[in-house]
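Next up, target_33.csv (CSV, C-alpha atoms):
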```
chain,number,residue,atom,x,y,z
A,1,MET,CA,77.2,-14.7,-60.6
A,2,ALA,CA,80.8,-13.9,-59.7
A,3,ARG,CA,81.5,-10.3,-58.5
A,4,ARG,CA,83.4,-8.3,-61.0
A,5,ARG,CA,87.0,-7.7,-60.0
A,6,PRO,CA,87.4,-4.1,-58.7
A,7,GLU,CA,89.5,-1.8,-60.8
A,8,PRO,CA,93.1,-1.1,-59.6
A,9,VAL,CA,93.2,1.9,-57.3
A,10,GLN,CA,95.5,3.8,-59.7
A,11,VAL,CA,93.0,3.5,-62.6
A,12,ILE,CA,90.2,4.9,-60.4
A,13,LYS,CA,92.3,7.8,-59.1
A,14,GLU,CA,93.6,8.7,-62.5
A,15,ARG,CA,90.1,8.8,-63.9
A,16,ARG,CA,88.6,10.8,-61.1
A,17,ASP,CA,91.4,13.3,-60.6
A,18,GLY,CA,91.9,13.6,-64.4
A,19,ALA,CA,88.2,14.6,-64.8
A,20,LEU,CA,88.3,17.0,-61.8
A,21,ASN,CA,91.6,18.6,-62.9
A,22,ALA,CA,90.4,19.1,-66.5
A,23,MET,CA,87.3,20.8,-65.2
A,24,VAL,CA,89.1,23.1,-62.7
A,25,ASP,CA,92.1,23.9,-64.9
A,26,SER,CA,90.0,25.0,-67.8
A,27,VAL,CA,88.7,28.0,-66.0
A,28,PRO,CA,91.2,31.0,-65.9
A,29,TYR,CA,89.3,32.7,-63.1
A,30,ILE,CA,89.7,29.8,-60.7
A,31,LYS,CA,93.4,30.0,-61.3
A,32,PHE,CA,93.4,33.8,-60.9
A,33,MET,CA,91.7,33.4,-57.5
A,34,GLY,CA,94.1,30.6,-56.4
A,35,ILE,CA,91.3,28.1,-55.7
A,36,SER,CA,92.0,24.4,-55.8
A,37,PHE,CA,90.0,21.3,-55.0
A,38,ASP,CA,90.7,18.4,-52.6
A,39,ARG,CA,88.8,15.2,-53.5
A,40,ARG,CA,88.0,12.3,-51.1
A,41,GLY,CA,85.9,9.8,-53.1
A,42,ASP,CA,83.2,11.9,-54.6
A,43,GLU,CA,83.4,14.6,-51.8
A,44,LEU,CA,85.0,17.9,-52.8
A,45,THR,CA,86.5,20.6,-50.6
A,46,ALA,CA,87.5,23.9,-52.2
A,47,ILE,CA,90.6,25.6,-50.9
A,48,LEU,CA,91.2,29.4,-51.3
A,49,SER,CA,95.0,29.9,-50.9
A,50,TYR,CA,95.6,33.2,-49.2
A,51,ASP,CA,97.1,36.0,-51.3
A,52,ASP,CA,97.4,39.8,-50.6
A,53,LYS,CA,95.4,40.6,-53.7
A,54,LEU,CA,92.3,39.0,-52.0
A,55,ILE,CA,92.1,41.7,-49.4
A,56,GLY,CA,89.1,44.1,-49.4
A,57,ASN,CA,89.8,46.0,-46.2
A,58,PRO,CA,93.5,46.7,-45.7
A,59,MET,CA,92.9,48.2,-42.2
A,60,LEU,CA,91.5,45.1,-40.5
A,61,PRO,CA,92.7,43.3,-42.7
A,62,ALA,CA,89.9,41.2,-44.1
A,63,LEU,CA,89.1,39.2,-47.3
A,64,HIS,CA,87.1,41.2,-49.9
A,65,GLY,CA,83.4,40.4,-49.8
A,66,GLY,CA,83.5,39.8,-53.5
A,67,VAL,CA,86.3,37.3,-53.0
A,68,THR,CA,84.1,35.4,-50.5
A,69,ALA,CA,81.2,35.5,-52.9
A,70,ALA,CA,83.3,34.3,-55.8
A,71,PHE,CA,84.9,31.5,-53.7
A,72,LEU,CA,81.4,30.2,-52.7
A,73,GLU,CA,80.2,30.5,-56.3
A,74,VAL,CA,83.1,28.6,-57.8
A,75,THR,CA,82.7,25.9,-55.1
A,76,ALA,CA,79.0,25.6,-55.9
A,77,ILE,CA,79.4,25.4,-59.7
A,78,ILE,CA,82.3,22.9,-59.6
A,79,THR,CA,80.5,20.7,-57.0
A,80,LEU,CA,77.3,20.8,-59.0
A,81,SER,CA,79.1,19.9,-62.2
A,82,TRP,CA,81.0,17.2,-60.5
A,83,GLU,CA,77.9,15.5,-59.1
A,84,TYR,CA,76.1,15.9,-62.5
A,85,LEU,CA,79.0,14.3,-64.4
A,86,TRP,CA,80.0,11.7,-61.8
A,87,GLU,CA,78.0,8.8,-63.3
A,88,ASP,CA,79.2,9.5,-66.8
A,89,ILE,CA,82.8,9.8,-65.6
A,90,GLU,CA,82.5,6.5,-63.7
A,91,GLY,CA,80.6,4.7,-66.4
A,92,GLY,CA,83.1,5.6,-69.1
A,93,VAL,CA,80.5,7.7,-71.0
A,94,ILE,CA,82.8,10.7,-70.7
A,95,ASP,CA,86.3,10.4,-72.2
A,96,VAL,CA,88.6,11.8,-69.5
A,97,GLU,CA,91.6,12.1,-71.9
A,98,ALA,CA,89.5,14.2,-74.3
A,99,MET,CA,88.4,16.3,-71.3
A,100,ALA,CA,92.0,16.9,-70.4
A,101,LYS,CA,92.7,18.1,-74.0
A,102,GLY,CA,89.9,20.7,-73.6
A,103,ASP,CA,86.8,18.9,-74.8
A,104,LEU,CA,84.8,19.8,-71.8
A,105,PRO,CA,81.1,19.2,-71.0
A,106,ARG,CA,79.0,22.4,-70.7
A,107,MET,CA,78.8,23.8,-67.1
A,108,PRO,CA,75.7,24.9,-65.2
A,109,LYS,CA,74.9,28.7,-65.4
A,110,THR,CA,74.2,30.8,-62.3
A,111,ILE,CA,70.7,32.2,-62.2
A,112,ASP,CA,71.0,33.9,-58.8
A,113,PHE,CA,73.3,33.7,-55.9
A,114,THR,CA,72.7,35.0,-52.3
A,115,VAL,CA,75.6,35.4,-49.9
A,116,ASP,CA,75.3,35.6,-46.2
A,117,TYR,CA,78.3,37.2,-44.5
A,118,LEU,CA,78.5,35.8,-41.0
A,119,ARG,CA,81.9,37.2,-39.9
A,120,SER,CA,84.8,38.8,-41.6
A,121,GLY,CA,87.2,36.6,-43.6
A,122,LEU,CA,90.6,36.5,-42.0
A,123,PRO,CA,93.8,37.0,-44.1
A,124,ARG,CA,94.5,33.2,-44.3
A,125,ASP,CA,93.4,30.2,-46.3
A,126,ALA,CA,89.7,29.4,-46.5
A,127,TYR,CA,87.8,26.2,-47.2
A,128,ALA,CA,84.3,25.5,-48.6
A,129,ARG,CA,82.0,22.6,-49.3
A,130,ALA,CA,78.7,22.7,-51.3
A,131,VAL,CA,75.6,20.5,-51.0
A,132,VAL,CA,73.4,20.1,-54.0
A,133,SER,CA,69.9,20.4,-52.4
A,134,ARG,CA,68.1,19.6,-55.6
A,135,SER,CA,69.2,18.9,-59.1
A,136,GLY,CA,66.5,18.6,-61.7
A,137,ARG,CA,66.6,18.4,-65.5
A,138,ARG,CA,66.6,22.1,-65.9
A,139,TYR,CA,67.2,23.8,-62.5
A,140,ALA,CA,69.4,23.0,-59.5
A,141,SER,CA,69.6,24.5,-56.0
A,142,VAL,CA,72.9,24.5,-54.2
A,143,HIS,CA,73.9,25.5,-50.6
A,144,VAL,CA,77.6,26.2,-49.8
A,145,ALA,CA,79.4,27.2,-46.7
A,146,ALA,CA,83.0,28.4,-46.0
A,147,TRP,CA,85.2,28.3,-42.9
A,148,GLN,CA,88.8,29.0,-41.9
A,149,ASP,CA,90.1,27.9,-38.6
A,150,ASN,CA,87.1,25.9,-37.3
A,151,ARG,CA,85.1,23.6,-39.5
A,152,HIS,CA,81.9,24.4,-37.7
A,153,ARG,CA,82.4,28.2,-37.5
A,154,HIS,CA,81.4,29.4,-40.9
A,155,PHE,CA,82.4,32.9,-42.0
A,156,ALA,CA,80.0,32.9,-45.0
A,157,GLN,CA,77.3,30.8,-46.6
A,158,ALA,CA,75.3,31.0,-49.8
A,159,THR,CA,72.4,29.6,-51.7
A,160,GLY,CA,72.3,29.7,-55.5
A,161,HIS,CA,70.1,28.5,-58.3
A,162,PHE,CA,71.6,27.2,-61.5
A,163,LEU,CA,70.4,26.4,-65.0
A,164,MET,CA,71.6,22.9,-65.9
A,165,PRO,CA,73.3,22.3,-69.3
A,166,GLN,CA,70.9,20.5,-71.7
A,167,ARG,CA,72.1,17.0,-72.6
A,168,ASP,CA,72.6,16.5,-76.4
A,169,LYS,CA,69.3,15.9,-78.0
A,170,GLY,CA,69.8,12.8,-80.2
I,1,MET,CA,82.2,67.4,-53.1
I,2,VAL,CA,85.2,67.2,-55.5
I,3,ASP,CA,87.5,66.3,-52.6
I,4,LYS,CA,85.2,63.7,-51.2
I,5,THR,CA,85.1,62.0,-54.7
I,6,ALA,CA,88.8,62.1,-55.0
I,7,ILE,CA,89.3,60.6,-51.6
I,8,ALA,CA,86.7,57.9,-52.4
I,9,ARG,CA,88.4,57.1,-55.7
I,10,GLN,CA,91.7,56.7,-53.9
I,11,PHE,CA,90.0,54.6,-51.3
I,12,ILE,CA,88.5,52.2,-53.9
I,13,GLU,CA,91.7,51.9,-55.9
I,14,ALA,CA,93.6,51.2,-52.6
I,15,ILE,CA,91.5,48.1,-52.0
I,16,PRO,CA,93.9,45.4,-53.1
I,17,HIS,CA,91.3,43.1,-54.7
I,18,SER,CA,89.5,45.9,-56.5
I,19,GLY,CA,92.9,47.0,-57.8
I,20,ALA,CA,93.7,43.5,-58.9
I,21,LEU,CA,90.5,43.5,-61.0
I,22,GLY,CA,91.3,46.8,-62.5
I,23,MET,CA,88.2,48.6,-61.1
I,24,THR,CA,87.9,52.4,-61.5
I,25,LEU,CA,85.4,54.5,-59.8
I,26,THR,CA,83.9,57.1,-62.2
I,27,GLU,CA,81.1,58.6,-60.1
I,28,MET,CA,80.4,58.8,-56.4
I,29,GLY,CA,78.1,60.9,-54.2
I,30,GLU,CA,74.7,61.2,-52.5
I,31,GLY,CA,74.4,57.4,-52.1
I,32,VAL,CA,75.3,56.6,-55.7
I,33,ALA,CA,78.5,55.0,-57.0
I,34,VAL,CA,79.6,53.9,-60.5
I,35,ILE,CA,82.5,51.5,-61.0
I,36,THR,CA,83.9,50.0,-64.2
I,37,MET,CA,85.9,46.8,-64.6
I,38,PRO,CA,87.7,46.2,-67.8
I,39,TYR,CA,87.6,42.9,-69.7
I,40,ASP,CA,90.5,40.7,-68.7
I,41,THR,CA,91.2,37.2,-70.0
I,42,ARG,CA,92.3,36.2,-66.5
I,43,LEU,CA,88.7,36.6,-65.3
I,44,VAL,CA,87.2,34.3,-67.8
I,45,GLY,CA,84.7,31.7,-66.4
I,46,ASP,CA,83.8,29.9,-69.6
I,47,PRO,CA,86.9,29.2,-71.8
I,48,GLU,CA,84.7,28.3,-74.8
I,49,THR,CA,83.0,31.6,-75.0
I,50,GLY,CA,85.4,33.9,-73.1
I,51,VAL,CA,82.6,35.1,-70.8
I,52,ILE,CA,83.7,36.7,-67.5
I,53,HIS,CA,83.1,34.5,-64.4
I,54,GLY,CA,80.1,35.5,-62.2
I,55,GLY,CA,82.5,35.7,-59.3
I,56,ALA,CA,84.3,38.7,-60.8
I,57,VAL,CA,80.9,40.3,-61.3
I,58,SER,CA,80.1,39.7,-57.7
I,59,ALA,CA,83.3,41.4,-56.6
I,60,LEU,CA,82.4,44.4,-58.7
I,61,MET,CA,78.9,44.5,-57.3
I,62,ASP,CA,80.1,44.2,-53.7
I,63,THR,CA,82.7,47.0,-54.1
I,64,CYS,CA,80.2,49.3,-55.9
I,65,CYS,CA,77.5,48.7,-53.3
I,66,GLY,CA,79.9,49.4,-50.5
I,67,ALA,CA,81.0,52.6,-52.2
I,68,ALA,CA,77.4,53.7,-52.6
I,69,VAL,CA,76.9,53.2,-48.8
I,70,MET,CA,79.9,55.2,-47.9
I,71,SER,CA,78.9,58.1,-50.3
I,72,HIS,CA,75.5,58.4,-48.6
I,73,PRO,CA,74.8,61.8,-46.9
I,74,ALA,CA,74.3,59.9,-43.7
I,75,ALA,CA,77.7,58.5,-44.4
I,76,PRO,CA,79.0,55.8,-42.1
I,77,ALA,CA,82.7,55.7,-41.4
I,78,GLY,CA,83.0,52.2,-42.6
I,79,THR,CA,80.8,49.4,-43.9
I,80,ALA,CA,80.7,45.6,-44.3
I,81,THR,CA,78.4,43.4,-46.3
I,82,ILE,CA,75.7,41.6,-44.4
I,83,ASP,CA,74.1,40.0,-47.4
I,84,LEU,CA,74.2,40.3,-51.1
I,85,ARG,CA,72.0,38.7,-53.7
I,86,ILE,CA,72.9,38.8,-57.4
I,87,ASP,CA,70.7,37.9,-60.3
I,88,TYR,CA,72.4,37.0,-63.5
I,89,MET,CA,70.3,38.1,-66.4
I,90,ARG,CA,72.6,37.3,-69.3
I,91,ALA,CA,76.3,36.7,-70.1
I,92,ALA,CA,78.4,39.8,-70.4
I,93,THR,CA,79.7,40.2,-74.0
I,94,PRO,CA,83.4,39.1,-74.1
I,95,GLY,CA,85.8,41.9,-74.8
I,96,GLN,CA,83.6,44.6,-73.2
I,97,ALA,CA,84.0,46.3,-69.8
I,98,ILE,CA,81.3,45.9,-67.2
I,99,THR,CA,79.9,49.0,-65.4
I,100,THR,CA,77.9,48.8,-62.2
I,101,ARG,CA,75.8,51.6,-60.8
I,102,ALA,CA,74.8,51.1,-57.2
I,103,THR,CA,72.2,53.2,-55.2
I,104,CYS,CA,72.1,53.2,-51.4
I,105,TYR,CA,68.3,53.9,-51.1
I,106,HIS,CA,67.8,53.7,-47.4
I,107,VAL,CA,70.0,54.1,-44.3
I,108,THR,CA,68.9,53.4,-40.7
I,109,ARG,CA,71.1,53.7,-37.6
I,110,SER,CA,72.6,50.3,-38.2
I,111,VAL,CA,71.7,49.1,-41.7
I,112,ALA,CA,72.2,50.5,-45.3
I,113,PHE,CA,70.1,49.0,-48.1
I,114,VAL,CA,71.5,49.0,-51.6
I,115,ARG,CA,70.6,47.9,-55.1
I,116,ALA,CA,72.8,47.8,-58.2
I,117,VAL,CA,72.7,47.1,-61.9
I,118,ALA,CA,75.6,45.9,-64.1
I,119,THR,CA,75.7,46.5,-67.8
I,120,ASP,CA,78.2,46.1,-70.7
I,121,ASP,CA,78.3,48.3,-73.8
I,122,ASP,CA,74.6,47.5,-74.4
I,123,SER,CA,73.3,49.5,-71.5
I,124,ASP,CA,69.7,48.8,-72.3
I,125,ARG,CA,70.0,45.1,-71.4
I,126,PRO,CA,71.4,44.6,-67.9
I,127,VAL,CA,73.9,41.8,-67.3
I,128,ALA,CA,73.1,41.4,-63.6
I,129,SER,CA,71.4,43.1,-60.8
I,130,ALA,CA,72.0,43.0,-57.0
I,131,THR,CA,70.4,43.8,-53.8
I,132,GLY,CA,72.2,44.0,-50.5
I,133,ALA,CA,72.2,45.0,-46.8
I,134,PHE,CA,75.3,46.6,-45.4
I,135,THR,CA,76.4,47.5,-41.8
I,136,VAL,CA,76.6,51.1,-40.7
I,137,GLU,CA,79.6,51.6,-38.5
I,138,GLY,CA,81.2,54.2,-36.4
I,139,ARG,CA,78.6,57.0,-36.5
```
Would you mind writing the file out in structure tokens?
Amino acid sequence: MARRRPEPVQVIKERRDGALNAMVDSVPYIKFMGISFDRRGDELTAILSYDDKLIGNPMLPALHGGVTAAFLEVTAIITLSWEYLWEDIEGGVIDVEAMAKGDLPRMPKTIDFTVDYLRSGLPRDAYARAVVSRSGRRYASVHVAAWQDNRHRHFAQATGHFLMPQRDKG
Amino acid sequence: MVDKTAIARQFIEAIPHSGALGMTLTEMGEGVAVITMPYDTRLVGDPETGVIHGGAVSALMDTCCGAAVMSHPAAPAGTATIDLRIDYMRAATPGQAITTRATCYHVTRSVAFVRAVATDDDSDRPVASATGAFTVEGR
């Protein structure tokens, strides 16, 4: 059987970036925090762009612990949703254009979230990546770590449990 | 005690991120702190329902727990979060302020232990609860 001709790169990029942007742009809080996502294939890296309003200790200065927690939580939820939706986005089950117009799939809900503060967050950009440790029909467990200058020197990490959205029952 | 509370209030409101979220400290002393955060559409996590993002609740919890540590009689000069766990019991009702009450229930020479509960107008049904460990600095 002849191999199906691969889709043009532009079609793939538009679909994947379109879905990701629709998901991220729909959440006011992500914009308020100045968080964006960089995509390489299916791998996501969250970027927290530094702003003075993210400071928690003006003397040091250091990022607010709540900012760090929120950044990790946003990264965990978006990465989990992205992995959960990936097959449907790629398979054409999800209409990316409808998504961009605001017809968004339901997102996972946080059950609990535990943040480990390893060192203080410096007043500059931060990055984070999440790993979905387990994703079942109802529950998911996600680990996420954030760094600034050095990829292997994390300043915070977290583990969270999430309630997965229930697929439409036919 | 009045002066201490006034200073603490100024301190909390001087934290840039807490100010950006509109937090106000209403009570502080003896290891207990109460902070309120008004509803704000910029903090929405679910555009369909208008529910506030868990991250904003985390920031409120963290600030309030830190304030509780600093208000403890064995008060440290400063504190930083070592770890914070938050349990989300239900979505906060859109349009309502969220109020957190944190209690610093034990302090050692180097660690302060805190728990907190967040509620909206329906104070009988908590929105979230938190437990954390904080550093004790400069004593």
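Residue-level contacts from chain I to chain A at 6 Å, counting all atoms listed in the file, read Ile15, Pro16, His17, Arg42, Leu43, Val44, Gly45, Gly55, Ser58, Ala59, Asp62, Ile82, Asp83, Leu84, Arg85, Ile86, Asp87 and Tyr88 of chain I.
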For segment 19-26 of chain I, work out the shell of residues within 10 Å, counting only C-alpha atoms and skipping chain neighbours fewer than 3 positions away, then give it as a PyMOL selection string. (chain A and resi 32+52-56) or (chain I and resi 5-6+8-16+33-40+42-43+56+59-60+63-64+67+97-101)
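Picture a line from atom CA of Tyr50 of chain A to atom CA of Gly121 of chain A; it runs 10.7 Å.
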Can you pull out the residues contacting segment 77-93 of chain A? Cut-off 7 Å, using all atoms listed in the file, and skip same-chain residues under 5 positions away; I want them as a ChimeraX atom specification. /A:44,107-108,130,132
Writing out the chosen residues with C-alpha atoms as a compact mmCIF listing (two decimals), in the frame of the given file:
```txt
# COMPACT_ATOMS: atom_id res chain seq x y z
CA LEU A 44 85.00 17.90 -52.80
CA MET A 107 78.80 23.80 -67.10
CA PRO A 108 75.70 24.90 -65.20
CA ALA A 130 78.70 22.70 -51.30
CA VAL A 132 73.40 20.10 -54.00
```
Env of Thr93 of chain I: 12 Å cut, atoms = only C-alpha atoms, seq-sep filter 4 positions within chain, self excluded. Answer as a PyMOL selection string. chain I and resi 38-39+44+46+49-53+97-98+119-123+125-127
Produce the centre coordinates and the three edge lengths, each in Å to one decimal, of the box along x, y and z that contains all listed atoms of segment 149-153 of chain A with 5 Å added on each side, as JSON.
```
{"center_x": 86.0, "center_y": 25.9, "center_z": -38.4, "size_x": 18.2, "size_y": 14.6, "size_z": 12.2}
```
In Å, with one decimal, what is the gap from atom CA of Ala62 of chain A to atom CA of Asp25 of chain A? 27.1 Å
In Å and to one decimal, atom CA of Thr81 of chain I is distant from atom CA of Ala133 of chain I by 6.4 Å
Top pick for closest residue to Asp17 of chain A, considering A:Pro61, A:Gly136, A:Gly41, A:Gly34 and counting all atoms listed in the file: A:Gly41
Using only C-alpha atoms, the residue out of I:Thr108, I:Gly31, I:Ala102, I:Ile7 with shortest distance to Cys65 of chain I is I:Ala102
Neighbouring residues of His152 of chain A were defined as those with any atom within 12 Å, considering only C-alpha atoms; residues of the same chain fewer than 5 positions away were excluded. Please report them as an NGL selection string. :A and (127-129 or 145-147 or 157)
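Of the residues listed (A:Ser135, A:Val96, A:Ser141, A:Gln148), A:Val96 shows the shortest atom-to-atom separation from Glu14 of chain A; distances use only C-alpha atoms.
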Do you know which residues lie at most 7 Å from (86.6, 12.6, -68.2), with coordinates as in the file and only C-alpha atoms counted, and could you write them as a PyMOL selection string? chain A and resi 15+18-19+89+94-99
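Nearest residue to Phe162 of chain A among I:Gly132, I:Ala112, I:His72, I:Gly54 is I:Gly54, counting all atoms listed in the file.
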